[in-house]
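Asker: Provided below: protein35.txt, containing compact mmCIF, C-alpha atoms and all ligand atoms.
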```txt
# COMPACT_ATOMS: atom_id res chain seq x y z
CA MET A 1 58.01 -7.22 -7.85
CA HIS A 2 60.09 -4.18 -6.80
CA ARG A 3 60.09 -1.03 -8.88
CA VAL A 4 63.10 1.25 -9.29
CA MET A 5 62.89 4.63 -10.99
CA ILE A 6 65.82 5.98 -12.99
CA HIS A 7 65.06 9.50 -14.18
CA PRO A 8 67.34 11.93 -16.05
CA ALA A 9 68.28 14.99 -13.96
CA SER A 10 70.78 17.77 -13.46
CA TYR A 11 71.26 19.81 -10.30
CA GLU A 12 69.66 22.77 -12.06
CA LYS A 13 66.66 20.68 -13.15
CA CYS A 14 65.87 17.91 -10.70
CA GLN A 15 62.36 18.78 -9.50
CA GLU A 16 60.77 16.72 -12.27
CA ALA A 17 62.65 13.63 -11.11
CA ILE A 18 61.65 14.23 -7.49
CA ASP A 19 57.99 14.75 -8.46
CA ARG A 20 58.11 11.53 -10.46
CA ALA A 21 59.55 9.67 -7.46
CA PHE A 22 56.62 10.78 -5.28
CA ASP A 23 54.16 9.86 -8.06
CA MET A 24 55.59 6.35 -8.31
CA PHE A 25 55.94 5.83 -4.57
CA PRO A 26 53.21 7.97 -2.96
CA GLN A 27 53.56 8.74 0.76
CA LYS A 28 50.71 9.80 3.05
CA ILE A 29 52.52 12.87 4.34
CA LYS A 30 49.66 15.15 5.39
CA GLY A 31 49.60 15.56 9.18
CA LYS A 32 52.55 13.19 9.71
CA LYS A 33 56.02 13.55 11.18
CA VAL A 34 58.49 13.29 8.29
CA VAL A 35 62.27 12.97 8.61
CA ILE A 36 64.52 13.46 5.58
CA LYS A 37 67.99 11.97 5.97
CA PRO A 38 70.61 12.96 3.40
CA ASN A 39 74.08 11.36 3.42
CA VAL A 40 76.25 13.89 5.30
CA LEU A 41 79.53 12.07 5.72
CA ARG A 42 81.48 15.12 6.87
CA ILE A 43 82.25 18.79 6.38
CA SER A 44 82.97 19.30 2.69
CA ARG A 45 81.99 21.43 -0.27
CA ALA A 46 78.97 20.46 -2.34
CA ASP A 47 81.16 20.20 -5.45
CA GLU A 48 83.29 17.48 -3.81
CA HIS A 49 80.19 15.25 -3.98
CA ILE A 50 80.99 13.54 -0.69
CA VAL A 51 77.46 14.32 0.52
CA THR A 52 74.01 14.34 -1.07
CA HIS A 53 73.85 17.47 -3.25
CA PRO A 54 71.90 20.41 -1.77
CA ALA A 55 69.83 20.77 -4.98
CA ILE A 56 68.40 17.27 -4.47
CA LEU A 57 67.66 17.92 -0.81
CA ARG A 58 66.04 21.26 -1.62
CA ALA A 59 63.76 19.68 -4.24
CA VAL A 60 62.69 16.95 -1.78
CA VAL A 61 62.05 19.50 0.98
CA ASP A 62 59.96 21.62 -1.40
CA LYS A 63 57.93 18.56 -2.36
CA VAL A 64 57.33 17.33 1.20
CA GLU A 65 56.56 20.83 2.46
CA ALA A 66 53.84 21.17 -0.20
CA LEU A 67 52.23 17.95 1.06
CA SER A 68 51.54 19.50 4.52
CA PRO A 69 53.37 17.36 7.06
CA ALA A 70 52.63 18.02 10.73
CA GLU A 71 56.37 18.16 11.38
CA LEU A 72 59.33 18.11 9.02
CA ILE A 73 62.92 17.45 10.10
CA VAL A 74 66.08 17.33 8.00
CA GLY A 75 69.07 15.77 9.70
CA ASP A 76 71.86 13.21 9.84
CA ASN A 77 74.65 12.00 12.11
CA PRO A 78 77.93 12.67 10.28
CA GLY A 79 80.82 10.23 10.58
CA LEU A 80 83.34 10.26 13.40
CA HIS A 81 85.66 12.80 11.80
CA ALA A 82 82.78 15.29 11.72
CA TYR A 83 81.46 14.20 15.08
CA GLY A 84 80.52 17.28 17.09
CA ASP A 85 80.31 19.29 13.86
CA ASN A 86 76.80 18.25 12.90
CA LYS A 87 75.57 21.80 12.28
CA LEU A 88 78.82 22.85 10.60
CA SER A 89 78.64 19.85 8.26
CA PHE A 90 75.23 21.04 7.07
CA GLU A 91 76.36 24.66 6.79
CA ARG A 92 79.58 24.07 4.83
CA THR A 93 77.99 21.63 2.38
CA GLY A 94 75.11 23.99 1.58
CA LEU A 95 72.67 21.49 3.04
CA MET A 96 71.65 23.88 5.81
CA GLU A 97 70.28 26.41 3.33
CA ALA A 98 68.64 23.62 1.34
CA SER A 99 66.93 22.43 4.55
CA LYS A 100 64.87 25.67 4.59
CA GLY A 101 64.85 25.93 8.39
CA TYR A 102 63.91 22.28 9.00
CA TYR A 103 67.42 21.21 10.06
CA LYS A 104 67.73 19.49 13.43
CA ASN A 105 70.76 17.92 15.08
CA LEU A 106 69.77 14.23 15.17
CA GLY A 107 72.55 13.62 17.67
CA ASP A 108 70.67 15.48 20.42
CA SER A 109 68.72 12.48 21.61
CA SER A 110 68.83 8.74 21.09
CA THR A 111 66.56 5.80 21.89
CA GLN A 112 68.05 2.57 23.06
CA LEU A 113 67.18 -0.51 21.00
CA GLU A 114 68.11 -4.16 21.22
CA PHE A 115 70.71 -5.12 18.62
CA ASN A 116 72.46 -8.21 17.28
CA THR A 117 74.30 -9.60 20.31
CA ASP A 118 77.11 -10.81 18.01
CA PHE A 119 78.06 -7.14 17.90
CA LEU A 120 76.45 -5.22 20.79
CA PRO A 121 73.40 -5.99 22.92
CA HIS A 122 72.08 -2.45 22.49
CA VAL A 123 72.57 0.59 20.29
CA GLY A 124 71.16 4.09 20.44
CA VAL A 125 69.26 5.32 17.39
CA SER A 126 68.36 9.00 16.90
CA THR A 127 65.00 9.47 18.59
CA ASP A 128 63.60 11.53 15.72
CA ILE A 129 64.35 8.67 13.33
CA MET A 130 62.43 6.22 15.52
CA GLU A 131 59.54 8.62 15.99
CA ALA A 132 59.17 9.46 12.28
CA ASP A 133 55.95 8.35 10.63
CA ILE A 134 57.71 8.62 7.29
CA LEU A 135 61.48 8.37 6.84
CA ILE A 136 62.93 9.49 3.52
CA SER A 137 66.52 8.44 2.83
CA LEU A 138 68.62 10.42 0.33
CA PRO A 139 71.72 8.32 -0.40
CA LYS A 140 74.51 9.32 -2.77
CA PHE A 141 75.84 7.16 -5.61
CA LYS A 142 79.32 6.40 -4.26
CA THR A 143 81.95 3.72 -3.87
CA HIS A 144 83.17 2.62 -0.44
CA GLY A 145 86.44 0.96 0.52
CA LEU A 146 84.82 -1.51 2.90
CA THR A 147 81.41 -2.20 1.41
CA VAL A 148 82.43 -1.55 -2.23
CA MET A 149 79.45 0.73 -2.72
CA THR A 150 77.43 2.96 -0.44
CA GLY A 151 73.79 3.45 -1.30
CA ALA A 152 70.38 2.91 0.25
CA ILE A 153 71.39 0.36 2.90
CA LYS A 154 74.65 1.99 3.96
CA ASN A 155 73.03 5.44 4.26
CA SER A 156 71.10 4.09 7.25
CA TYR A 157 74.35 3.66 9.20
CA GLY A 158 73.90 7.37 9.94
CA ILE A 159 70.85 6.71 12.12
CA LEU A 160 73.41 5.97 14.87
CA PRO A 161 74.56 9.13 16.65
CA GLY A 162 78.01 9.73 18.08
CA ALA A 163 80.88 7.30 17.99
CA GLN A 164 78.78 4.14 17.85
CA LYS A 165 79.64 3.91 14.16
CA ALA A 166 83.36 3.82 14.92
CA ARG A 167 82.84 1.41 17.78
CA LEU A 168 80.84 -0.98 15.62
CA HIS A 169 83.55 -0.80 12.95
CA GLN A 170 85.95 -1.91 15.62
CA ILE A 171 83.70 -4.65 17.01
CA ALA A 172 82.91 -5.99 13.54
CA GLY A 173 86.65 -6.52 13.16
CA SER A 174 86.53 -7.63 9.51
CA PRO A 175 84.93 -6.34 6.31
CA GLU A 176 82.73 -9.46 6.10
CA ARG A 177 81.22 -8.85 9.52
CA PHE A 178 80.90 -5.14 8.77
CA HIS A 179 78.77 -6.05 5.73
CA GLU A 180 76.54 -8.13 8.02
CA MET A 181 76.31 -5.41 10.63
CA ILE A 182 75.19 -2.60 8.35
CA VAL A 183 72.18 -4.72 7.41
CA ASP A 184 71.34 -5.13 11.10
CA VAL A 185 71.48 -1.33 11.54
CA PHE A 186 69.35 -0.83 8.42
CA ARG A 187 66.69 -3.17 9.84
CA LEU A 188 66.27 -1.06 12.99
CA ARG A 189 64.18 1.44 11.00
CA ILE A 190 63.82 0.75 7.31
CA PRO A 191 63.15 3.99 5.39
CA ASP A 192 59.85 4.32 3.54
CA LEU A 193 61.29 5.99 0.45
CA PHE A 194 64.78 6.19 -1.05
CA ILE A 195 65.77 8.94 -3.49
CA MET A 196 69.37 8.70 -4.66
CA ASP A 197 71.54 11.51 -5.95
CA ALA A 198 73.27 9.96 -8.96
CA VAL A 199 73.57 13.17 -10.96
CA ILE A 200 77.28 13.21 -10.21
CA GLY A 201 78.48 10.03 -8.54
CA MET A 202 81.77 8.91 -7.06
CA GLU A 203 84.12 6.18 -8.23
CA GLY A 204 87.58 5.12 -7.05
CA ASN A 205 88.45 4.89 -3.39
CA GLY A 206 85.20 6.20 -1.82
CA PRO A 207 83.43 7.32 0.25
CA ALA A 208 85.45 10.55 -0.07
CA SER A 209 87.33 10.00 -3.32
CA PRO A 210 88.24 12.88 -5.67
CA ASP A 211 87.25 10.71 -8.67
CA LEU A 212 83.82 11.84 -9.79
CA ARG A 213 81.58 10.51 -12.52
CA GLU A 214 78.83 12.33 -14.37
CA ILE A 215 75.84 10.00 -14.48
CA GLY A 216 72.93 12.41 -14.81
CA VAL A 217 70.13 10.51 -13.09
CA VAL A 218 68.09 10.37 -9.89
CA LEU A 219 67.01 6.92 -8.70
CA ALA A 220 64.02 6.21 -6.47
CA ALA A 221 62.55 3.11 -4.86
CA ASP A 222 60.59 2.02 -1.84
CA ASN A 223 62.91 -0.94 -1.33
CA GLY A 224 66.58 -0.40 -0.50
CA VAL A 225 67.75 -3.88 -1.59
CA ALA A 226 66.26 -3.36 -5.03
CA MET A 227 67.79 0.11 -5.35
CA ASP A 228 71.26 -1.07 -4.28
CA GLY A 229 71.00 -4.00 -6.68
CA VAL A 230 70.48 -1.56 -9.56
CA VAL A 231 73.33 0.68 -8.35
CA ALA A 232 75.66 -2.34 -8.14
CA ARG A 233 74.84 -3.28 -11.74
CA MET A 234 75.42 0.31 -12.89
CA MET A 235 78.89 0.06 -11.29
CA GLY A 236 79.52 -3.15 -13.23
CA LEU A 237 79.15 -5.40 -10.17
CA ASP A 238 77.16 -8.57 -9.63
CA PRO A 239 74.87 -7.71 -6.68
CA ALA A 240 75.01 -11.34 -5.52
CA GLY A 241 78.76 -10.85 -4.89
CA LEU A 242 78.14 -8.18 -2.26
CA ARG A 243 77.73 -9.71 1.18
CA PHE A 244 75.50 -7.00 2.57
CA LEU A 245 73.06 -7.42 -0.32
CA GLN A 246 73.10 -11.19 0.04
CA LYS A 247 72.34 -10.92 3.74
CA ALA A 248 69.61 -8.33 3.18
CA ARG A 249 67.95 -10.68 0.71
CA ASP A 250 68.44 -13.73 2.93
CA VAL A 251 66.63 -12.06 5.83
CA GLY A 252 63.74 -11.07 3.61
CA LEU A 253 64.31 -7.34 3.17
CA GLY A 254 63.90 -7.39 -0.61
CA ASP A 255 65.46 -8.74 -3.77
CA PHE A 256 67.95 -7.61 -6.39
CA ASP A 257 67.43 -10.29 -9.04
CA SER A 258 66.62 -8.85 -12.46
CA ASP A 259 63.43 -10.90 -12.72
CA LYS A 260 62.22 -9.41 -9.41
CA LEU A 261 62.78 -5.82 -10.56
CA GLU A 262 60.78 -3.56 -12.79
CA LEU A 263 62.84 -0.63 -14.03
CA ASP A 264 61.19 2.67 -14.85
CA GLY A 265 63.84 4.34 -17.01
CA ASP A 266 67.09 3.36 -18.71
CA MET A 267 69.78 1.68 -16.65
CA GLN A 268 73.24 2.43 -18.01
CA ILE A 269 76.14 0.20 -17.01
CA LEU A 270 78.92 2.73 -16.57
CA PRO A 271 81.86 1.74 -18.80
CA ASP A 272 85.21 1.17 -17.06
CA PHE A 273 83.78 2.16 -13.71
CA ASN A 274 86.64 2.54 -11.26
CA LEU A 275 85.99 0.46 -8.13
CA PRO A 276 87.88 0.87 -4.83
CA PRO A 277 91.36 -0.68 -4.95
CA LEU A 278 90.53 -3.17 -2.20
CA SER A 279 87.00 -3.91 -3.29
CA GLY A 280 84.92 -7.05 -3.13
CA GLU A 281 86.36 -10.34 -2.02
CA ALA A 282 89.84 -8.83 -2.05
CA ASN A 283 88.84 -7.02 1.15
CA ALA A 284 88.32 -10.25 3.06
CA GLY A 285 91.36 -10.91 5.20
CA ASN A 286 93.27 -7.95 3.79
CA PRO A 287 95.66 -6.99 6.62
CA ALA A 288 95.66 -3.27 5.76
CA ILE A 289 91.88 -3.06 6.09
CA ARG A 290 91.85 -5.22 9.19
CA ASP A 291 94.50 -3.07 10.87
CA MET A 292 92.51 0.04 10.05
CA MET A 293 89.43 -1.39 11.71
CA HIS A 294 91.30 -2.59 14.78
CA ALA A 295 93.05 0.77 15.10
CA THR A 296 89.78 2.60 15.71
CA MET A 297 89.93 4.03 19.21
CA ARG A 298 87.17 3.73 21.74
CA LEU A 299 86.28 7.26 22.78
CA LEU A 300 84.41 7.98 26.00
CA PRO A 301 82.80 11.18 27.25
CA LYS A 302 84.40 13.04 30.15
CA ALA A 303 83.06 16.19 31.81
CA ASP A 304 85.43 19.14 32.14
CA SER A 305 85.24 20.31 35.78
CA GLU A 306 86.13 23.89 34.76
CA LEU A 307 83.11 24.18 32.47
CA CYS A 308 80.51 21.85 34.00
CA SER A 309 77.66 23.60 35.84
CA ALA A 310 76.31 20.31 37.24
CA CYS A 311 72.97 20.86 35.49
CA GLU A 312 72.55 17.08 35.00
CA ALA A 313 71.08 17.50 31.50
CA CYS A 314 73.52 14.88 30.25
CA ILE A 315 72.40 12.41 32.93
CA ASP A 316 68.75 12.91 31.96
CA GLN A 317 69.60 12.48 28.28
CA CYS A 318 71.71 9.31 28.47
CA PRO A 319 69.62 6.50 26.92
CA VAL A 320 71.33 3.76 28.93
CA SER A 321 71.78 5.57 32.30
CA ALA A 322 75.54 5.37 32.01
CA LEU A 323 76.10 8.73 33.73
CA TYR A 324 75.87 9.43 37.43
CA MET A 325 76.74 12.44 39.59
CA ALA A 326 79.97 12.08 41.56
CA LYS A 327 81.25 15.06 43.54
CA ASP A 328 79.21 17.57 41.49
CA ILE A 329 80.46 16.28 38.16
CA PRO A 330 79.08 13.52 35.95
CA GLU A 331 81.07 10.33 35.67
CA VAL A 332 80.59 7.65 33.04
CA ASP A 333 80.20 3.92 33.62
CA GLU A 334 82.46 2.64 30.85
CA ASP A 335 80.80 -0.77 30.70
CA THR A 336 77.34 0.70 30.20
CA CYS A 337 78.17 3.57 27.82
CA ILE A 338 77.24 2.86 24.20
CA THR A 339 79.20 5.92 22.93
CA CYS A 340 76.23 7.61 21.33
CA PHE A 341 77.58 10.95 22.66
CA CYS A 342 74.13 12.43 23.11
CA CYS A 343 75.50 13.77 26.41
CA GLN A 344 78.03 15.83 24.52
CA GLU A 345 75.46 17.07 22.02
CA ILE A 346 73.08 18.17 24.74
CA CYS A 347 75.56 19.82 27.15
CA PRO A 348 74.74 23.55 27.30
CA GLU A 349 78.22 24.41 28.63
CA LYS A 350 80.18 22.41 26.04
CA ALA A 351 81.73 20.68 29.03
CA MET A 352 81.63 17.13 27.70
CA THR A 353 84.86 16.18 25.98
CA LEU A 354 85.84 12.94 24.27
CA GLN A 355 88.76 11.02 25.66
S1 LIG A 401 77.32 8.46 28.70
FE1 LIG A 401 76.98 9.78 26.94
S2 LIG A 401 77.95 8.68 25.27
FE2 LIG A 401 77.68 7.20 26.91
S3 LIG A 401 75.69 6.26 26.47
FE3 LIG A 401 75.31 7.97 27.87
S4 LIG A 401 74.79 9.70 26.52
FE4 LIG A 401 75.76 8.13 25.25
S1 LIG A 402 75.16 18.63 30.67
FE1 LIG A 402 77.20 19.52 30.71
S2 LIG A 402 77.11 21.10 32.27
FE2 LIG A 402 75.32 19.76 32.59
S3 LIG A 402 76.07 18.22 34.09
FE3 LIG A 402 76.41 17.38 32.06
S4 LIG A 402 78.55 17.95 31.59
FE4 LIG A 402 77.89 19.24 33.26
```
Translate the structure of the given file into structure tokens.
Ligand code: SF4
Ligand code: SF4
Answerer:
Amino acid sequence: MHRVMIHPASYEKCQEAIDRAFDMFPQKIKGKKVVIKPNVLRISRADEHIVTHPAILRAVVDKVEALSPAELIVGDNPGLHAYGDNKLSFERTGLMEASKGYYKNLGDSSTQLEFNTDFLPHVGVSTDIMEADILISLPKFKTHGLTVMTGAIKNSYGILPGAQKARLHQIAGSPERFHEMIVDVFRLRIPDLFIMDAVIGMEGNGPASPDLREIGVVLAADNGVAMDGVVARMMGLDPAGLRFLQKARDVGLGDFDSDKLELDGDMQILPDFNLPPLSGEANAGNPAIRDMMHATMRLLPKADSELCSACEACIDQCPVSALYMAKDIPEVDEDTCITCFCCQEICPEKAMTLQ
């Protein structure tokens, strides 16, 4: 039986909900490496509610800090449009201040892992994510044009640094396969605790829609399938109709059936909740969505000869050894590169460009 907490909260008063989440789902934090991963889609203002609200992050950081971790890191890999603006995304959203000095650019280093060969044989996952003893995911209650909703499972797509996210969109090629693929990414490192900002959620054409919805709760769970099942119901959806939830259940990652869930708190089904215009089964085979996915460019790193000091830091950092020195400047092997862009993150001269 999975348990899901639904606790009333505002951004001014959310510590009680966070404390309750840690009471219900205790984590052995003392002496451990803890990574907190909010949803930081891109540079935006906190009041646009595109990202996890800083008040929620701050309350979680305060809580974890008090439990004496050996190391605490707050970070994410923003989407492609904010790629290269990791720090700026945290600063502009107010999440940098809420991180209380624990921010780290998760794009600095990645670890290569085997992946589903239907998509790619390997992907790079942020090394700090893989090295975390405890991973705390802070998703946002939002809609999403491709996956209908973005919650616990979709938040883990941000464990991939650089342009891998865009590349996998392209390789997936259809919304159905994209649903499958996000579950495969989620499985690479399943978070230990999920705390969702649903104080103000998003409806309409997410994940960056201007249509906001006051909900006034924080959700928590130690199972992402169960949490997303509850979120789907709150949006007025049948969780069994969402392919990513079906797949997650089929591969044994959890359950969303009502008789497998124990709710701690009141679940409100939001009346007349506005779903994305191309949501659900309507997405399948929709030419507009398909064209969008196929239009995603494949970017590759290229060193600028004017700026490069030939320090070879990028070559050392590349998780798949795709870079080699040619005439005092790094060159990329296009077939080997997995577009994690750790080379660009690490370059001290800002010499790595994307082409
Ligand atoms: S060359 Fe750069 S972008 Fe490509 S895999 Fe190596 S570090 Fe990642
Ligand atoms: S890290 Fe930057 S400066 Fe160093 S070799 Fe690579 S591109 Fe050149």
Asker: Using all atoms listed in the file, can you tell me which of A:Leu307, A:Cys340, A:Val332, A:Met130 comes closest to ligand LIG 402 (chain A)?
Answerer: A:Leu307
Asker: Which residues, written as a short mmCIF file (atom, residue, chain, number, x, y, z; two decimals) with C-alpha atoms, in the frame of the given file, have at least one atom at most 9 Å from Arg20 of chain A, with only C-alpha atoms counted and residues fewer than 6 positions away on the same chain left out?
Answerer:
```
data_model
loop_
_atom_site.label_atom_id
_atom_site.label_comp_id
_atom_site.auth_asym_id
_atom_site.auth_seq_id
_atom_site.Cartn_x
_atom_site.Cartn_y
_atom_site.Cartn_z
CA MET A 5 62.89 4.63 -10.99
CA HIS A 7 65.06 9.50 -14.18
CA ALA A 220 64.02 6.21 -6.47
#
```
Asker: Residues at most 8 Å from segment 101-110 of chain A, counting all atoms listed in the file, excluding those fewer than 5 positions away in the same chain, as a PDB file with C-alpha atoms, in the coordinates of the input?
Answerer:
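As written to disk, result-v1.pdb reads:
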```pdb
ATOM      1  CA  LEU A  72      59.330  18.110   9.020  1.00  0.00           C
ATOM      2  CA  ILE A  73      62.920  17.450  10.100  1.00  0.00           C
ATOM      3  CA  VAL A  74      66.080  17.330   8.000  1.00  0.00           C
ATOM      4  CA  GLY A  75      69.070  15.770   9.700  1.00  0.00           C
ATOM      5  CA  ASP A  76      71.860  13.210   9.840  1.00  0.00           C
ATOM      6  CA  ASN A  77      74.650  12.000  12.110  1.00  0.00           C
ATOM      7  CA  ASN A  86      76.800  18.250  12.900  1.00  0.00           C
ATOM      8  CA  LYS A  87      75.570  21.800  12.280  1.00  0.00           C
ATOM      9  CA  MET A  96      71.650  23.880   5.810  1.00  0.00           C
ATOM     10  CA  GLY A 124      71.160   4.090  20.440  1.00  0.00           C
ATOM     11  CA  VAL A 125      69.260   5.320  17.390  1.00  0.00           C
ATOM     12  CA  SER A 126      68.360   9.000  16.900  1.00  0.00           C
ATOM     13  CA  THR A 127      65.000   9.470  18.590  1.00  0.00           C
ATOM     14  CA  ASP A 128      63.600  11.530  15.720  1.00  0.00           C
ATOM     15  CA  ILE A 129      64.350   8.670  13.330  1.00  0.00           C
ATOM     16  CA  PRO A 161      74.560   9.130  16.650  1.00  0.00           C
ATOM     17  CA  GLY A 162      78.010   9.730  18.080  1.00  0.00           C
ATOM     18  CA  GLN A 317      69.600  12.480  28.280  1.00  0.00           C
ATOM     19  CA  CYS A 318      71.710   9.310  28.470  1.00  0.00           C
ATOM     20  CA  PRO A 319      69.620   6.500  26.920  1.00  0.00           C
ATOM     21  CA  CYS A 340      76.230   7.610  21.330  1.00  0.00           C
ATOM     22  CA  PHE A 341      77.580  10.950  22.660  1.00  0.00           C
ATOM     23  CA  CYS A 342      74.130  12.430  23.110  1.00  0.00           C
ATOM     24  CA  CYS A 343      75.500  13.770  26.410  1.00  0.00           C
ATOM     25  CA  GLU A 345      75.460  17.070  22.020  1.00  0.00           C
ATOM     26  CA  ILE A 346      73.080  18.170  24.740  1.00  0.00           C
TER      27      ILE A 346
END
```
Asker: Mind giving me the straight-line distance from atom CA of Val199 of chain A to atom CA of Ser10 of chain A in Å, one decimal?
Answerer: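 So the answer is 5.9 Å.
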Asker: Set the cut-off to 12 Å, count all atoms listed in the file, and list whatever residues fall near ligand LIG 402 (chain A) as a PyMOL selection string.
Answerer: chain A and resi 108+301-318+323-332+341-354
Asker: Given the selection you just returned, output its residues as a file containing C-alpha atoms, formatted as a compact mmCIF listing (two decimals), in the frame of the given file.
Answerer:
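Result file follows (again-v4.txt):
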```
# COMPACT_ATOMS: atom_id res chain seq x y z
CA ASP A 108 70.67 15.48 20.42
CA PRO A 301 82.80 11.18 27.25
CA LYS A 302 84.40 13.04 30.15
CA ALA A 303 83.06 16.19 31.81
CA ASP A 304 85.43 19.14 32.14
CA SER A 305 85.24 20.31 35.78
CA GLU A 306 86.13 23.89 34.76
CA LEU A 307 83.11 24.18 32.47
CA CYS A 308 80.51 21.85 34.00
CA SER A 309 77.66 23.60 35.84
CA ALA A 310 76.31 20.31 37.24
CA CYS A 311 72.97 20.86 35.49
CA GLU A 312 72.55 17.08 35.00
CA ALA A 313 71.08 17.50 31.50
CA CYS A 314 73.52 14.88 30.25
CA ILE A 315 72.40 12.41 32.93
CA ASP A 316 68.75 12.91 31.96
CA GLN A 317 69.60 12.48 28.28
CA CYS A 318 71.71 9.31 28.47
CA LEU A 323 76.10 8.73 33.73
CA TYR A 324 75.87 9.43 37.43
CA MET A 325 76.74 12.44 39.59
CA ALA A 326 79.97 12.08 41.56
CA LYS A 327 81.25 15.06 43.54
CA ASP A 328 79.21 17.57 41.49
CA ILE A 329 80.46 16.28 38.16
CA PRO A 330 79.08 13.52 35.95
CA GLU A 331 81.07 10.33 35.67
CA VAL A 332 80.59 7.65 33.04
CA PHE A 341 77.58 10.95 22.66
CA CYS A 342 74.13 12.43 23.11
CA CYS A 343 75.50 13.77 26.41
CA GLN A 344 78.03 15.83 24.52
CA GLU A 345 75.46 17.07 22.02
CA ILE A 346 73.08 18.17 24.74
CA CYS A 347 75.56 19.82 27.15
CA PRO A 348 74.74 23.55 27.30
CA GLU A 349 78.22 24.41 28.63
CA LYS A 350 80.18 22.41 26.04
CA ALA A 351 81.73 20.68 29.03
CA MET A 352 81.63 17.13 27.70
CA THR A 353 84.86 16.18 25.98
CA LEU A 354 85.84 12.94 24.27
```
Asker: Skipping near chain neighbours, those fewer than 3 positions away, what residues fall within 10 Å of Ile56 of chain A using only C-alpha atoms, listed as a list in words?
Answerer: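 Here the qualifying residues turn out to be Ala9, Ser10, Tyr11, Glu12, Lys13, Cys14, Gln15, Ala17, Ile18, Pro38, Thr52, His53, Ala59, Val60, Val61, Asp62, Leu95, Ala98, Leu138, Ile195, Met196, Asp197, Ala198, Val199 and Val218 of chain A.
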Asker: Of the candidates A:Val230, A:Gly145, A:Val320, A:Ser174, which one gets nearest to ligand LIG 401 (chain A) if we count all atoms listed in the file?
Answerer: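 Closest to ligand LIG 401 (chain A), using all atoms listed in the file: A:Val320.
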Asker: If you count only C-alpha atoms, which residues fall within 6 Å of Asp333 of chain A, apart from same-chain ones fewer than 2 positions away, as a PyMOL selection string?
Answerer: chain A and resi 322+335-336
Asker: Return the single residue from A:Met24, A:Leu275, A:Leu160, A:Leu67 that is closest to ligand LIG 401 (chain A), with distances computed using all atoms listed in the file.
Answerer: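 Using all atoms listed in the file, the shortest distance to ligand LIG 401 (chain A) belongs to A:Leu160.
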Asker: Closest to ligand LIG 401 (chain A) among A:Phe25, A:Gln164, A:Leu263, A:Val64, using only C-alpha atoms and all ligand atoms?
Answerer: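 Result for the nearest residue to ligand LIG 401 (chain A): A:Gln164.
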Asker: Could you check the closest approach to ligand LIG 401 (chain A) for each of A:Glu71, A:Arg167, A:Asn116, A:Glu180 and tell me which residue wins, using all atoms listed in the file?
Answerer: A:Arg167
Asker: I need the residue nearest Asn155 of chain A from this list: A:Glu176, A:Asp19, A:Asp272, A:Asp228. Use only C-alpha atoms for the distance.
Answerer: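 Closest to Asn155 of chain A, using only C-alpha atoms: A:Asp228.
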Asker: Please compute the atom CA of Gly94 of chain A-atom CA of Gly224 of chain A distance, one decimal, in Å.
Answerer: 25.9 Å
